[in-house]
Amino acid sequence: MWARSLQVLVLCLAVITTRAASAAIELTHADFVMDDGEIPPQDDAPWSPVELPDRWSERIPEAHGSGWYRLRVGPLGEGDPKVALYLPKLNMNAEAFVSGRWVGSGGSFVEPVTQNWNRPLLFRFDRSLV
């Protein structure tokens with residue numbers, strides 16, 4: 001039934017360094033596009049601005065398939081070479097890409113689909129990707 005439930009380019013409410021939670025950057029705006037591809041859509045896809053958190057299934061009730069979020073983060077300060085994407089809550093499942101590179105997945109997108117209902121996910125990656 002769910003070939004791919006939800007993919008996330010960079011759906012996150014915070015980018016945090018691994019040194020201190022006080023270094024968190026809260027992200028409140030993103031670009032969104034419906035696309036069933038397995039890799040992030042190109043820049044010429046019909047991205048539209050949204051505020052986070054976003055419930056695209058309520059905002060676009062007729063939409064079915066996968067949705068992608070793209071967030072922009074400015075340069076990070078000096079510090080720990082590892083940073084993370086923190087997704088505090090999502091509807092079904094997620095994959096995270098940073099600068100087009102895959103950094104993690106919440107589990108399977110094919111039956112049986114991993115269901116991360118209201119379960120936070122954390123994806124650590126090297127700051128050089130930002």
# chains A, B, ... in the order shown; residues from 1 in each chain; ligands from 1

call {"tool": "select_by_dssp", "arguments": {"residues": "chain A", "states": "alpha helix (DSSP H)", "output": "PyMOL selection string"}}
result
chain A and resi 56-59

call {"tool": "residues_around", "arguments": {"residues": "segment 119-129 of chain A", "least_positions_apart": "5", "cutoff": "8 Å", "atoms": "only C-alpha atoms", "output": "PyMOL selection string"}}
result
chain A and resi 76+81-90+96+98-99+101+103-104+106

call {"tool": "atom_distance", "arguments": {"atom1": "atom CA of Ser108 of chain A", "atom2": "atom CA of Trp68 of chain A"}}
result
16.6 Å

call {"tool": "closest_residue", "arguments": {"among": "A:Asp43, A:Glu51, A:Asp35, A:Asp80", "to": "His64 of chain A", "atoms": "only C-alpha atoms"}}
result
A:Asp35

call {"tool": "closest_residue", "arguments": {"among": "A:Arg70, A:Glu78, A:Ile60, A:Val33", "to": "Ala45 of chain A", "atoms": "only C-alpha atoms"}}
result
A:Val33

call {"tool": "closest_residue", "arguments": {"among": "A:Pro53, A:Gly100, A:Gly74, A:Pro112", "to": "Pro40 of chain A", "atoms": "only C-alpha atoms"}}
result
A:Gly100

call {"tool": "closest_residue", "arguments": {"among": "A:Asn116, A:Pro41, A:Gly79, A:Val73", "to": "Ala94 of chain A", "atoms": "only C-alpha atoms"}}
result
A:Asn116

call {"tool": "residues_around", "arguments": {"residues": "Leu52 of chain A", "least_positions_apart": "5", "cutoff": "8 Å", "atoms": "only C-alpha atoms", "output": "JSON, numbers by chain"}}
result
{"A": [13, 27, 28, 29, 30]}

call {"tool": "select_by_dssp", "arguments": {"residues": "chain A", "states": "strand (DSSP E or B)", "output": "number ranges by chain"}}
result
A: 14-17, 25-26, 29-34, 48-51, 67-70, 82-87, 90, 95-98, 101-105, 117, 121-126

call {"tool": "closest_residue", "arguments": {"among": "A:Val113, A:Ala24, A:Ile39, A:Met92", "to": "Ser57 of chain A", "atoms": "only C-alpha atoms"}}
result
A:Met92
